[in-house]
$ cat target-v6.tsv   # TSV, C-alpha atoms
chain	number	residue	atom	x	y	z
X	1	MET	CA	-21.02	3.28	-16.99
X	2	LYS	CA	-19.21	6.30	-15.66
X	3	THR	CA	-16.84	8.12	-17.99
X	4	GLU	CA	-13.24	8.75	-17.05
X	5	LYS	CA	-14.12	12.43	-16.72
X	6	ASN	CA	-16.88	11.57	-14.22
X	7	ARG	CA	-14.55	9.39	-12.23
X	8	ALA	CA	-11.80	12.05	-12.15
X	9	GLU	CA	-14.38	14.53	-10.84
X	10	MET	CA	-15.49	11.98	-8.24
X	11	ILE	CA	-11.92	11.56	-7.01
X	12	LYS	CA	-11.53	15.32	-6.67
X	13	GLU	CA	-14.82	15.56	-4.84
X	14	ILE	CA	-14.27	12.65	-2.44
X	15	SER	CA	-10.68	13.68	-1.66
X	16	GLY	CA	-11.29	17.42	-1.55
X	17	VAL	CA	-7.93	17.76	-3.32
X	18	ASN	CA	-7.08	20.11	-6.18
X	19	PRO	CA	-4.40	18.21	-8.15
X	20	LEU	CA	-3.52	21.33	-10.16
X	21	LYS	CA	-1.80	22.76	-7.10
X	22	CYS	CA	0.95	20.12	-7.37
X	23	MET	CA	4.36	21.53	-8.37
X	24	LYS	CA	6.00	18.10	-8.82
X	25	CYS	CA	8.65	18.49	-6.16
X	26	GLY	CA	8.55	14.76	-5.40
X	27	LYS	CA	8.63	15.13	-1.63
X	28	CYS	CA	5.67	12.75	-1.31
X	29	SER	CA	7.43	9.96	-3.19
X	30	ALA	CA	10.66	10.61	-1.30
X	31	SER	CA	8.75	10.28	1.99
X	32	CYS	CA	6.63	7.27	1.09
X	33	PRO	CA	7.55	4.06	2.98
X	34	SER	CA	5.74	2.01	0.31
X	35	TYR	CA	7.47	3.69	-2.65
X	36	ASN	CA	9.32	0.55	-3.78
X	37	GLU	CA	6.11	-1.49	-3.84
X	38	MET	CA	4.11	1.05	-5.82
X	39	ASP	CA	3.70	0.84	-9.60
X	40	ILE	CA	2.26	4.36	-9.75
X	41	LYS	CA	4.29	6.56	-7.41
X	42	PRO	CA	2.69	9.12	-5.07
X	43	HIS	CA	3.88	12.16	-7.09
X	44	GLN	CA	2.31	10.56	-10.19
X	45	PHE	CA	-1.17	10.14	-8.67
X	46	VAL	CA	-1.99	13.75	-9.46
X	47	SER	CA	-1.11	13.36	-13.15
X	48	TYR	CA	-3.44	10.39	-13.54
X	49	VAL	CA	-6.29	12.45	-12.10
X	50	ILE	CA	-5.46	15.51	-14.22
X	51	ASN	CA	-5.19	13.33	-17.36
X	52	GLU	CA	-8.38	11.52	-16.42
X	53	ASP	CA	-6.77	8.09	-16.61
X	54	ILE	CA	-8.66	6.65	-13.68
X	55	GLU	CA	-8.75	3.13	-15.09
X	56	SER	CA	-4.97	2.83	-14.59
X	57	LEU	CA	-5.19	4.29	-11.12
X	58	VAL	CA	-7.94	1.96	-9.85
X	59	ASN	CA	-6.14	-1.06	-11.30
X	60	SER	CA	-2.76	-0.09	-9.85
X	61	LYS	CA	-0.99	-2.03	-7.12
X	62	SER	CA	-0.44	1.28	-5.34
X	63	LEU	CA	-4.08	1.41	-4.34
X	64	TRP	CA	-3.50	-1.39	-1.82
X	65	LYS	CA	0.03	-0.46	-0.76
X	66	CYS	CA	-0.72	2.92	0.80
X	67	LEU	CA	-0.39	2.73	4.59
X	68	SER	CA	-2.27	5.93	5.47
X	69	CYS	CA	0.85	6.97	7.39
X	70	PHE	CA	0.29	10.59	6.30
X	71	ALA	CA	3.99	11.23	5.61
X	72	CYS	CA	3.07	12.64	2.16
X	73	VAL	CA	0.19	14.64	3.62
X	74	GLU	CA	2.45	16.12	6.30
X	75	ARG	CA	5.31	17.02	3.97
X	76	CYS	CA	3.50	18.31	0.87
X	77	PRO	CA	4.45	21.98	0.55
X	78	ARG	CA	1.38	22.64	-1.63
X	79	ASP	CA	-1.19	20.89	0.57
X	80	VAL	CA	-2.13	18.51	-2.27
X	81	LYS	CA	-2.28	15.44	0.00
X	82	PRO	CA	-1.50	12.51	-2.36
X	83	GLY	CA	-2.65	10.08	0.36
X	84	LYS	CA	-6.17	11.49	0.13
X	85	LEU	CA	-6.18	11.16	-3.65
X	86	ILE	CA	-5.24	7.49	-3.54
X	87	ASP	CA	-7.83	6.87	-0.83
X	88	ALA	CA	-10.50	8.44	-3.05
X	89	ALA	CA	-9.47	6.10	-5.89
X	90	ARG	CA	-9.71	3.20	-3.43
X	91	GLN	CA	-13.18	4.39	-2.40
X	92	ILE	CA	-14.31	4.34	-6.02
X	93	VAL	CA	-13.39	0.66	-6.09
X	94	VAL	CA	-14.65	-0.51	-2.69
X	95	ARG	CA	-17.89	1.46	-2.79
X	96	GLU	CA	-18.97	-0.57	-5.78
X	97	ARG	CA	-20.89	-3.63	-4.70
X	98	GLY	CA	-18.78	-6.78	-4.74
X	99	ASN	CA	-15.46	-5.00	-5.11
X	100	THR	CA	-13.14	-5.65	-2.22
X	101	TYR	CA	-9.51	-6.33	-1.40
X	102	LEU	CA	-10.33	-8.34	1.72
X	103	ASP	CA	-12.84	-11.13	2.05
X	104	PRO	CA	-13.95	-12.30	5.54
X	105	ASP	CA	-13.27	-15.89	4.42
X	106	GLU	CA	-9.58	-15.05	4.12
X	107	ILE	CA	-9.32	-13.95	7.75
X	108	PRO	CA	-8.70	-17.30	9.50
X	109	GLU	CA	-5.55	-17.81	7.45
X	110	LEU	CA	-4.26	-14.30	7.96
X	111	ILE	CA	-4.46	-14.06	11.74
X	112	ASP	CA	-2.55	-15.50	14.68
X	113	PRO	CA	-3.33	-15.56	18.43
X	114	ASP	CA	-1.78	-12.10	18.93
X	115	THR	CA	-3.58	-10.29	16.09
X	116	PRO	CA	-5.11	-7.16	17.59
X	117	GLN	CA	-8.74	-6.26	16.83
X	118	GLN	CA	-7.43	-2.93	15.62
X	119	LEU	CA	-5.71	-4.63	12.67
X	120	LEU	CA	-8.90	-6.30	11.43
X	121	VAL	CA	-11.09	-3.26	11.95
X	122	SER	CA	-8.61	-0.99	10.16
X	123	ALA	CA	-8.07	-3.36	7.24
X	124	PHE	CA	-11.82	-3.83	6.70
X	125	ARG	CA	-12.33	-0.07	6.75
X	126	ARG	CA	-9.69	0.51	4.09
X	127	TYR	CA	-10.25	-2.57	1.90
X	128	ARG	CA	-13.97	-3.16	1.93
X	129	ARG	CA	-17.40	-1.58	2.28
L	1	MET	CA	-9.66	15.56	38.18
L	2	LYS	CA	-12.09	13.32	36.32
L	3	TYR	CA	-11.91	12.59	32.59
L	4	SER	CA	-14.16	10.75	30.20
L	5	TYR	CA	-12.16	7.82	28.94
L	6	TYR	CA	-12.39	6.05	25.58
L	7	PRO	CA	-10.46	2.74	25.72
L	8	GLY	CA	-11.31	1.35	22.27
L	9	CYS	CA	-11.71	-2.26	21.11
L	10	THR	CA	-8.16	-3.56	21.41
L	11	LEU	CA	-7.64	-2.29	24.95
L	12	LYS	CA	-10.47	-4.57	26.06
L	13	ASN	CA	-8.75	-7.55	24.55
L	14	LYS	CA	-5.23	-7.95	23.17
L	15	ALA	CA	-3.92	-4.73	24.69
L	16	GLN	CA	-5.30	-5.03	28.21
L	17	ASP	CA	-1.92	-4.09	29.67
L	18	LEU	CA	-2.01	-0.70	27.99
L	19	ASP	CA	-5.32	-0.03	29.72
L	20	HIS	CA	-4.64	-1.57	33.18
L	21	TYR	CA	-1.35	0.17	33.76
L	22	ALA	CA	-2.83	3.48	32.60
L	23	ARG	CA	-5.71	3.24	35.05
L	24	ILE	CA	-3.65	2.41	38.13
L	25	SER	CA	-1.04	5.02	37.23
L	26	ALA	CA	-3.76	7.64	36.79
L	27	GLU	CA	-5.08	6.87	40.26
L	28	ALA	CA	-1.60	7.22	41.76
L	29	LEU	CA	-1.13	10.52	39.93
L	30	GLY	CA	-4.46	11.91	41.10
L	31	PHE	CA	-6.70	11.74	38.07
L	32	GLU	CA	-9.59	9.48	37.27
L	33	LEU	CA	-10.53	7.84	33.98
L	34	GLU	CA	-14.28	7.38	33.81
L	35	GLU	CA	-15.01	5.00	30.98
L	36	ILE	CA	-17.73	6.13	28.59
L	37	SER	CA	-20.56	3.69	29.22
L	38	GLU	CA	-21.58	2.70	25.73
L	39	TRP	CA	-18.65	3.59	23.53
L	40	GLN	CA	-18.44	2.06	20.08
L	41	CYS	CA	-15.37	1.14	18.02
L	42	CYS	CA	-13.78	4.18	16.32
L	43	GLY	CA	-13.12	2.14	13.16
L	44	GLY	CA	-9.34	2.13	13.57
L	45	VAL	CA	-8.64	4.41	10.63
L	46	TYR	CA	-9.87	7.94	10.01
L	47	PRO	CA	-12.17	7.96	6.97
L	48	LEU	CA	-10.34	10.20	4.49
L	49	GLY	CA	-13.23	10.72	2.07
L	50	THR	CA	-14.74	14.17	2.65
L	51	ASP	CA	-18.23	12.73	2.09
L	52	GLU	CA	-17.99	10.10	4.85
L	53	ILE	CA	-20.50	10.46	7.70
L	54	ALA	CA	-21.58	7.01	9.01
L	55	THR	CA	-17.98	6.00	9.73
L	56	LYS	CA	-17.56	9.07	11.95
L	57	LEU	CA	-20.65	8.69	14.11
L	58	SER	CA	-19.14	6.42	16.77
L	59	SER	CA	-16.55	9.11	17.49
L	60	VAL	CA	-19.22	11.81	17.59
L	61	ARG	CA	-21.21	9.77	20.13
L	62	ALA	CA	-18.19	9.45	22.42
L	63	LEU	CA	-17.34	13.12	22.02
L	64	ASN	CA	-20.90	14.18	22.79
L	65	ASP	CA	-21.07	11.88	25.82
L	66	ALA	CA	-18.01	13.64	27.26
L	67	LYS	CA	-19.52	17.03	26.43
L	68	GLU	CA	-22.73	16.19	28.29
L	69	LYS	CA	-20.69	15.30	31.37
L	70	GLY	CA	-18.62	18.46	31.01
L	71	GLN	CA	-15.41	16.43	30.85
L	72	ASP	CA	-12.37	16.35	28.59
L	73	LEU	CA	-12.01	13.07	26.67
L	74	VAL	CA	-8.89	10.98	27.23
L	75	THR	CA	-7.63	8.31	24.81
L	76	LEU	CA	-4.72	5.88	24.95
L	77	CYS	CA	-4.55	3.95	21.68
L	78	SER	CA	-2.84	6.01	18.96
L	79	ALA	CA	-5.45	4.97	16.38
L	80	CYS	CA	-8.47	5.87	18.53
L	81	HIS	CA	-6.81	9.15	19.40
L	82	HIS	CA	-6.17	9.94	15.75
L	83	VAL	CA	-9.70	9.12	14.63
L	84	ILE	CA	-11.54	10.87	17.46
L	85	LYS	CA	-9.37	13.96	17.35
L	86	ARG	CA	-9.84	14.35	13.58
L	87	VAL	CA	-13.58	13.72	13.71
L	88	ASN	CA	-13.79	16.35	16.43
L	89	ASP	CA	-11.99	18.78	14.15
L	90	ASP	CA	-14.51	18.00	11.39
L	91	MET	CA	-17.41	18.62	13.77
L	92	LYS	CA	-15.89	21.94	14.80
L	93	ASN	CA	-14.74	23.23	11.42
L	94	VAL	CA	-16.54	21.48	8.55
L	95	ASP	CA	-20.11	22.79	8.19
L	96	ASP	CA	-21.31	20.02	5.91
L	97	ILE	CA	-20.16	17.18	8.19
L	98	ARG	CA	-21.44	18.92	11.33
L	99	THR	CA	-24.88	19.48	9.79
L	100	ARG	CA	-25.25	16.00	8.39
L	101	ALA	CA	-23.93	14.21	11.50
L	102	ASN	CA	-26.24	16.25	13.74
L	103	ASN	CA	-29.23	15.63	11.47
L	104	TYR	CA	-28.57	11.95	11.85
L	105	MET	CA	-27.92	11.93	15.59
L	106	ALA	CA	-30.84	14.17	16.63
L	107	LEU	CA	-29.22	15.12	19.96
L	108	ASP	CA	-30.90	17.40	22.50
L	109	GLU	CA	-28.29	19.99	21.68
L	110	PRO	CA	-26.24	19.78	18.43
L	111	TYR	CA	-22.61	18.76	18.84
L	112	ALA	CA	-20.10	21.20	17.36
L	113	GLY	CA	-16.69	20.02	18.50
L	114	GLU	CA	-16.89	21.37	22.05
L	115	THR	CA	-15.06	18.48	23.71
L	116	LYS	CA	-11.32	18.69	24.26
L	117	VAL	CA	-9.57	15.47	23.23
L	118	LEU	CA	-6.41	14.60	25.11
L	119	HIS	CA	-4.06	11.71	24.69
L	120	TYR	CA	-2.94	10.22	28.03
L	121	LEU	CA	0.60	11.46	27.32
L	122	GLU	CA	-0.79	14.98	26.88
L	123	VAL	CA	-2.44	14.72	30.31
L	124	LEU	CA	0.95	13.79	31.75
L	125	ARG	CA	2.71	16.64	29.96
L	126	ASP	CA	0.12	19.44	30.07
L	127	VAL	CA	-1.96	18.74	33.19
L	128	ILE	CA	0.24	16.78	35.62
L	129	GLY	CA	3.54	18.09	34.21
L	130	PHE	CA	6.65	15.96	33.70
L	131	ASP	CA	8.37	17.69	36.65
L	132	GLU	CA	5.54	16.63	38.94
L	133	LEU	CA	5.57	13.15	37.47
L	134	LYS	CA	9.27	12.91	38.21
L	135	LYS	CA	8.61	13.74	41.87
L	136	LYS	CA	6.12	10.87	42.10
L	137	VAL	CA	8.49	8.30	40.66
L	138	THR	CA	9.47	5.90	43.47
L	139	ASN	CA	11.28	3.37	41.34
L	140	PRO	CA	13.35	5.31	38.78
L	141	LEU	CA	14.21	3.24	35.73
L	142	LYS	CA	17.92	3.96	36.05
L	143	GLY	CA	20.23	2.68	33.37
L	144	LYS	CA	17.48	1.80	30.91
L	145	LYS	CA	18.04	3.09	27.40
L	146	ILE	CA	14.64	3.53	25.86
L	147	GLY	CA	13.73	4.37	22.28
L	148	ALA	CA	10.39	6.14	21.89
L	149	TYR	CA	8.50	4.75	18.92
L	150	TYR	CA	5.97	7.39	17.85
L	151	GLY	CA	4.82	5.89	14.58
L	152	CYS	CA	2.40	7.90	12.46
L	153	LEU	CA	-0.97	8.41	14.03
L	154	LEU	CA	-0.12	10.50	17.09
L	155	LEU	CA	1.91	12.97	15.07
L	156	ARG	CA	0.45	13.39	11.61
L	157	PRO	CA	-1.07	15.50	10.18
L	158	GLY	CA	0.77	17.79	12.58
L	159	LYS	CA	-1.55	20.77	12.26
L	160	LEU	CA	-4.61	18.69	13.18
L	161	MET	CA	-3.11	16.39	15.77
L	162	ALA	CA	-1.19	19.27	17.44
L	163	PHE	CA	0.47	16.62	19.61
L	164	ASP	CA	4.09	17.60	19.13
L	165	ASP	CA	6.50	18.64	16.37
L	166	PRO	CA	5.68	15.93	13.77
L	167	GLU	CA	9.25	15.74	12.46
L	168	ASN	CA	11.16	16.16	15.69
L	169	PRO	CA	8.90	15.22	18.60
L	170	LYS	CA	10.06	15.15	22.21
L	171	ILE	CA	7.06	14.35	24.41
L	172	MET	CA	7.94	10.66	24.77
L	173	GLU	CA	11.61	11.42	25.37
L	174	ASP	CA	10.63	13.89	28.11
L	175	PHE	CA	8.36	11.19	29.53
L	176	ILE	CA	11.24	8.69	29.54
L	177	ARG	CA	13.46	11.22	31.32
L	178	ALA	CA	10.77	11.82	33.95
L	179	LEU	CA	10.78	8.09	34.70
L	180	GLY	CA	14.52	8.24	35.38
L	181	ALA	CA	15.58	6.40	32.23
L	182	GLU	CA	17.63	7.59	29.29
L	183	PRO	CA	15.85	8.36	26.01
L	184	VAL	CA	17.50	7.20	22.80
L	185	ILE	CA	16.77	9.41	19.81
L	186	TYR	CA	16.93	7.49	16.52
L	187	PRO	CA	15.96	8.46	12.95
L	188	TYR	CA	13.12	5.97	12.39
L	189	ARG	CA	11.08	6.84	15.48
L	190	ASN	CA	8.33	8.52	13.43
L	191	GLU	CA	8.41	6.14	10.46
L	192	CYS	CA	5.49	3.79	9.78
L	193	CYS	CA	5.47	0.16	11.05
L	194	GLY	CA	3.20	-0.80	8.17
L	195	GLY	CA	-0.04	-0.49	10.14
L	196	TYR	CA	-2.93	-2.48	8.65
L	197	ILE	CA	-0.78	-3.53	5.68
L	198	SER	CA	0.64	-6.36	7.81
L	199	LEU	CA	-2.58	-8.33	7.30
L	200	LYS	CA	-2.22	-8.79	3.55
L	201	GLU	CA	1.33	-7.68	2.77
L	202	GLU	CA	3.26	-9.11	5.66
L	203	ASP	CA	6.65	-8.73	4.00
L	204	MET	CA	6.22	-4.98	3.57
L	205	SER	CA	5.54	-4.51	7.26
L	206	LYS	CA	8.42	-6.82	8.12
L	207	GLU	CA	10.85	-4.71	6.15
L	208	MET	CA	9.61	-1.49	7.76
L	209	CYS	CA	9.80	-2.90	11.29
L	210	ARG	CA	13.24	-4.29	10.63
L	211	LYS	CA	14.45	-0.81	9.64
L	212	ILE	CA	12.89	0.74	12.75
L	213	GLU	CA	14.46	-1.80	15.07
L	214	LYS	CA	17.83	-1.63	13.37
L	215	SER	CA	17.78	2.14	13.65
L	216	ALA	CA	16.83	2.07	17.35
L	217	SER	CA	19.30	-0.61	18.39
L	218	GLY	CA	22.01	1.01	16.27
L	219	PHE	CA	21.62	4.17	18.33
L	220	GLY	CA	21.88	2.14	21.52
L	221	ALA	CA	18.29	1.49	22.62
L	222	ASP	CA	17.66	-1.68	24.63
L	223	MET	CA	13.90	-1.40	24.37
L	224	LEU	CA	11.14	0.50	22.60
L	225	ILE	CA	7.95	2.02	23.96
L	226	THR	CA	4.74	2.61	22.04
L	227	ALA	CA	1.16	3.79	22.60
L	228	CYS	CA	-0.29	1.72	19.76
L	229	PRO	CA	-1.37	-1.95	19.92
L	230	LEU	CA	-0.90	-2.39	16.17
L	231	CYS	CA	2.64	-0.95	16.23
L	232	MET	CA	3.31	-3.29	19.17
L	233	TYR	CA	2.03	-6.29	17.22
L	234	ASN	CA	3.92	-5.46	14.03
L	235	LEU	CA	7.19	-4.72	15.83
L	236	ASN	CA	6.97	-7.86	17.97
L	237	LYS	CA	6.08	-10.07	15.05
L	238	ASN	CA	9.00	-8.87	12.98
L	239	ASN	CA	11.51	-8.51	15.72
L	240	GLY	CA	14.79	-8.95	13.91
L	241	ASP	CA	17.01	-7.61	16.67
L	242	ASN	CA	15.05	-9.00	19.60
L	243	LEU	CA	14.40	-5.53	20.87
L	244	PRO	CA	11.61	-5.77	23.45
L	245	VAL	CA	8.63	-3.47	22.98
L	246	TYR	CA	6.54	-2.17	25.91
L	247	TYR	CA	3.48	-0.03	26.25
L	248	PHE	CA	4.50	3.32	27.72
L	249	THR	CA	1.97	2.81	30.52
L	250	GLU	CA	3.71	-0.35	31.69
L	251	LEU	CA	6.95	1.55	32.27
L	252	LEU	CA	4.99	4.35	33.91
L	253	ALA	CA	3.42	1.91	36.38
L	254	GLU	CA	6.81	0.33	37.00
L	255	ALA	CA	8.42	3.68	37.76
L	256	LEU	CA	5.54	4.61	40.07
L	257	GLY	CA	6.14	1.36	41.96
L	258	LEU	CA	2.77	-0.08	40.92
L	259	LYS	CA	3.74	-2.89	38.63
L	260	GLU	CA	3.74	-5.77	41.14
L	261	GLU	CA	0.24	-4.76	42.13
L	262	VAL	CA	-1.07	-5.66	38.69
L	263	GLU	CA	0.83	-8.89	38.48
L	264	GLU	CA	-0.68	-10.07	41.78
L	265	GLN	CA	-4.24	-9.35	40.66
$ encode --input "target-v6.tsv" --output "structure tokens"
Amino acid sequence: MKTEKNRAEMIKEISGVNPLKCMKCGKCSASCPSYNEMDIKPHQFVSYVINEDIESLVNSKSLWKCLSCFACVERCPRDVKPGKLIDAARQIVVRERGNTYLDPDEIPELIDPDTPQQLLVSAFRRYRR
Amino acid sequence: MKYSYYPGCTLKNKAQDLDHYARISAEALGFELEEISEWQCCGGVYPLGTDEIATKLSSVRALNDAKEKGQDLVTLCSACHHVIKRVNDDMKNVDDIRTRANNYMALDEPYAGETKVLHYLEVLRDVIGFDELKKKVTNPLKGKKIGAYYGCLLLRPGKLMAFDDPENPKIMEDFIRALGAEPVIYPYRNECCGGYISLKEEDMSKEMCRKIEKSASGFGADMLITACPLCMYNLNKNNGDNLPVYYFTELLAEALGLKEEVEEQ
């Protein structure tokens, strides 16, 4: 079992982000199109990593609400890239065998005749390994 | 002028129009898209983890194929463009990724980001030129008020994509002007449509698309154009204001007087 300290280090390593650079301006949360759907807001991601509370982060709804639209990455004045942090937390979940947010058996019910391949490929890349 | 061309999975299937109209327009404008013979899917999303290698290899293969032919690489789908362009940047600037990818690929000559990646719109702007394009328009789209929908992937992160100003882009508006139509600038043109979230959280994407369409029609657009099959799907599926959405290449072919040609085929 990995400790919270290990997992916080893993997130920093996978994301390449230094959360200590954050100056809490809130621009990421102000820019985020998924803000209303997130239980942990983008500007709070960094605090969870700094405080080594990874359990809350990996169990948050936010993990699956990020769109990878890069609005927070583009607008962060400190180059902290909250979107990369949340992706690293998602990786910690999906890289573990059996952990996934999307099961192939769900697909028939989720698609329609117009569903582009791109949607399935992208969702599998983000939600599953 | 001949380019290596990476169509991507969706352009072979649900987004065939995006591809067809691009090819015939290219021919009319004097450049050729030579499809990479054994391209593989780019994966749709750029792998954000700095330790990811396997998920980047399909892009590296396409990039290296273009390099071996001495050609620039042209893309059309916003997602493919985003992924391939960012992987190319990794291969050029990130030692660890370059070393590990090359160790895996065992190419005759290591790949180090030599290929230039161009989106089709960049070819129109930077190689053909919008002034030249305008001269070749035989069927100007007069009276059409068109909202450019950029979405996320072509623009952000701005420093890496280097496509246009990520907050106040103008390439698609200049394109619309070259076709003889009137561009409509509206606030939500670079906001996200929801992307892959529409698979599992349909309502979130619906709300985002509704805002985009409301914004565009509120500023007077009668149609939207996009370069992305997923944006097209999300916007069409959630079309609150019945604002039609077209691939930019379809309007290009129409303005060049080529559209009937495709329909007859």
$ residues_around --input "target-v6.tsv" --residues "segment 59-75 of chain L" --least-positions-apart "5" --cutoff "9 Å" --atoms "only C-alpha atoms" --output "PyMOL selection string"
chain L and resi 2-8+33+36-43+80-81+83-85+87-88+91+101+105+107+110-120+123
$ write_last_selection --input "target-v6.tsv" --atoms "C-alpha atoms" --output "PDB file, in the coordinates of the input"
ATOM      1  CA  LYS L   2     -12.090  13.320  36.320  1.00  0.00           C
ATOM      2  CA  TYR L   3     -11.910  12.590  32.590  1.00  0.00           C
ATOM      3  CA  SER L   4     -14.160  10.750  30.200  1.00  0.00           C
ATOM      4  CA  TYR L   5     -12.160   7.820  28.940  1.00  0.00           C
ATOM      5  CA  TYR L   6     -12.390   6.050  25.580  1.00  0.00           C
ATOM      6  CA  PRO L   7     -10.460   2.740  25.720  1.00  0.00           C
ATOM      7  CA  GLY L   8     -11.310   1.350  22.270  1.00  0.00           C
ATOM      8  CA  LEU L  33     -10.530   7.840  33.980  1.00  0.00           C
ATOM      9  CA  ILE L  36     -17.730   6.130  28.590  1.00  0.00           C
ATOM     10  CA  SER L  37     -20.560   3.690  29.220  1.00  0.00           C
ATOM     11  CA  GLU L  38     -21.580   2.700  25.730  1.00  0.00           C
ATOM     12  CA  TRP L  39     -18.650   3.590  23.530  1.00  0.00           C
ATOM     13  CA  GLN L  40     -18.440   2.060  20.080  1.00  0.00           C
ATOM     14  CA  CYS L  41     -15.370   1.140  18.020  1.00  0.00           C
ATOM     15  CA  CYS L  42     -13.780   4.180  16.320  1.00  0.00           C
ATOM     16  CA  GLY L  43     -13.120   2.140  13.160  1.00  0.00           C
ATOM     17  CA  CYS L  80      -8.470   5.870  18.530  1.00  0.00           C
ATOM     18  CA  HIS L  81      -6.810   9.150  19.400  1.00  0.00           C
ATOM     19  CA  VAL L  83      -9.700   9.120  14.630  1.00  0.00           C
ATOM     20  CA  ILE L  84     -11.540  10.870  17.460  1.00  0.00           C
ATOM     21  CA  LYS L  85      -9.370  13.960  17.350  1.00  0.00           C
ATOM     22  CA  VAL L  87     -13.580  13.720  13.710  1.00  0.00           C
ATOM     23  CA  ASN L  88     -13.790  16.350  16.430  1.00  0.00           C
ATOM     24  CA  MET L  91     -17.410  18.620  13.770  1.00  0.00           C
ATOM     25  CA  ALA L 101     -23.930  14.210  11.500  1.00  0.00           C
ATOM     26  CA  MET L 105     -27.920  11.930  15.590  1.00  0.00           C
ATOM     27  CA  LEU L 107     -29.220  15.120  19.960  1.00  0.00           C
ATOM     28  CA  PRO L 110     -26.240  19.780  18.430  1.00  0.00           C
ATOM     29  CA  TYR L 111     -22.610  18.760  18.840  1.00  0.00           C
ATOM     30  CA  ALA L 112     -20.100  21.200  17.360  1.00  0.00           C
ATOM     31  CA  GLY L 113     -16.690  20.020  18.500  1.00  0.00           C
ATOM     32  CA  GLU L 114     -16.890  21.370  22.050  1.00  0.00           C
ATOM     33  CA  THR L 115     -15.060  18.480  23.710  1.00  0.00           C
ATOM     34  CA  LYS L 116     -11.320  18.690  24.260  1.00  0.00           C
ATOM     35  CA  VAL L 117      -9.570  15.470  23.230  1.00  0.00           C
ATOM     36  CA  LEU L 118      -6.410  14.600  25.110  1.00  0.00           C
ATOM     37  CA  HIS L 119      -4.060  11.710  24.690  1.00  0.00           C
ATOM     38  CA  TYR L 120      -2.940  10.220  28.030  1.00  0.00           C
ATOM     39  CA  VAL L 123      -2.440  14.720  30.310  1.00  0.00           C
TER      40      VAL L 123
END
$ closest_residue --input "target-v6.tsv" --among "X:Thr100, X:Asn51, X:Ser122, X:Ser56" --to "Asp39 of chain X" --atoms "all atoms listed in the file"
X:Ser56
$ interface_residues --input "target-v6.tsv" --of "chain X" --to "chain L" --cutoff "8 Å" --atoms "only C-alpha atoms" --output "PyMOL selection string"
chain X and resi 13-16+33-34+65+67+69-71+73-74+84+87-88+91+110-111+114-123+125-126
$ atom_distance --input "target-v6.tsv" --atom1 "atom CA of Ile50 of chain X" --atom2 "atom CA of Asn99 of chain X"
24.6 Å
$ residues_around --input "target-v6.tsv" --residues "Asp103 of chain X" --least-positions-apart "4" --cutoff "9 Å" --atoms "all atoms listed in the file" --output "VMD selection string"
chain X and resid 107 124 127 to 128
$ residues_around --input "target-v6.tsv" --residues "Ser60 of chain X" --least-positions-apart "2" --cutoff "12 Å" --atoms "all atoms listed in the file" --output "ChimeraX atom specification"
/X:37-42,44-45,48,53-58,62-66,86,89-90,93
$ residues_around --input "target-v6.tsv" --residues "Phe248 of chain L" --least-positions-apart "4" --cutoff "12 Å" --atoms "all atoms listed in the file" --output "JSON list (two decimals) with C-alpha atoms, in the frame of the given file"
[["chain", "number", "residue", "atom", "x", "y", "z"],
["L", 17, "ASP", "CA", -1.92, -4.09, 29.67],
["L", 18, "LEU", "CA", -2.01, -0.70, 27.99],
["L", 19, "ASP", "CA", -5.32, -0.03, 29.72],
["L", 20, "HIS", "CA", -4.64, -1.57, 33.18],
["L", 21, "TYR", "CA", -1.35, 0.17, 33.76],
["L", 22, "ALA", "CA", -2.83, 3.48, 32.60],
["L", 25, "SER", "CA", -1.04, 5.02, 37.23],
["L", 76, "LEU", "CA", -4.72, 5.88, 24.95],
["L", 77, "CYS", "CA", -4.55, 3.95, 21.68],
["L", 78, "SER", "CA", -2.84, 6.01, 18.96],
["L", 120, "TYR", "CA", -2.94, 10.22, 28.03],
["L", 121, "LEU", "CA", 0.60, 11.46, 27.32],
["L", 124, "LEU", "CA", 0.95, 13.79, 31.75],
["L", 146, "ILE", "CA", 14.64, 3.53, 25.86],
["L", 147, "GLY", "CA", 13.73, 4.37, 22.28],
["L", 148, "ALA", "CA", 10.39, 6.14, 21.89],
["L", 149, "TYR", "CA", 8.50, 4.75, 18.92],
["L", 150, "TYR", "CA", 5.97, 7.39, 17.85],
["L", 171, "ILE", "CA", 7.06, 14.35, 24.41],
["L", 172, "MET", "CA", 7.94, 10.66, 24.77],
["L", 173, "GLU", "CA", 11.61, 11.42, 25.37],
["L", 175, "PHE", "CA", 8.36, 11.19, 29.53],
["L", 176, "ILE", "CA", 11.24, 8.69, 29.54],
["L", 179, "LEU", "CA", 10.78, 8.09, 34.70],
["L", 223, "MET", "CA", 13.90, -1.40, 24.37],
["L", 224, "LEU", "CA", 11.14, 0.50, 22.60],
["L", 225, "ILE", "CA", 7.95, 2.02, 23.96],
["L", 226, "THR", "CA", 4.74, 2.61, 22.04],
["L", 227, "ALA", "CA", 1.16, 3.79, 22.60],
["L", 228, "CYS", "CA", -0.29, 1.72, 19.76],
["L", 229, "PRO", "CA", -1.37, -1.95, 19.92],
["L", 232, "MET", "CA", 3.31, -3.29, 19.17],
["L", 252, "LEU", "CA", 4.99, 4.35, 33.91],
["L", 253, "ALA", "CA", 3.42, 1.91, 36.38],
["L", 254, "GLU", "CA", 6.81, 0.33, 37.00],
["L", 255, "ALA", "CA", 8.42, 3.68, 37.76]]
$ atom_distance --input "target-v6.tsv" --atom1 "atom CA of Asn238 of chain L" --atom2 "atom CA of Gly220 of chain L"
19.0 Å
$ residues_near_point --input "target-v6.tsv" --point "(7.1, 22.8, -4.4)" --cutoff "9 Å" --atoms "only C-alpha atoms" --output "list of chain:residue names"
X:Cys22, X:Met23, X:Lys24, X:Cys25, X:Gly26, X:Lys27, X:Cys76, X:Pro77, X:Arg78
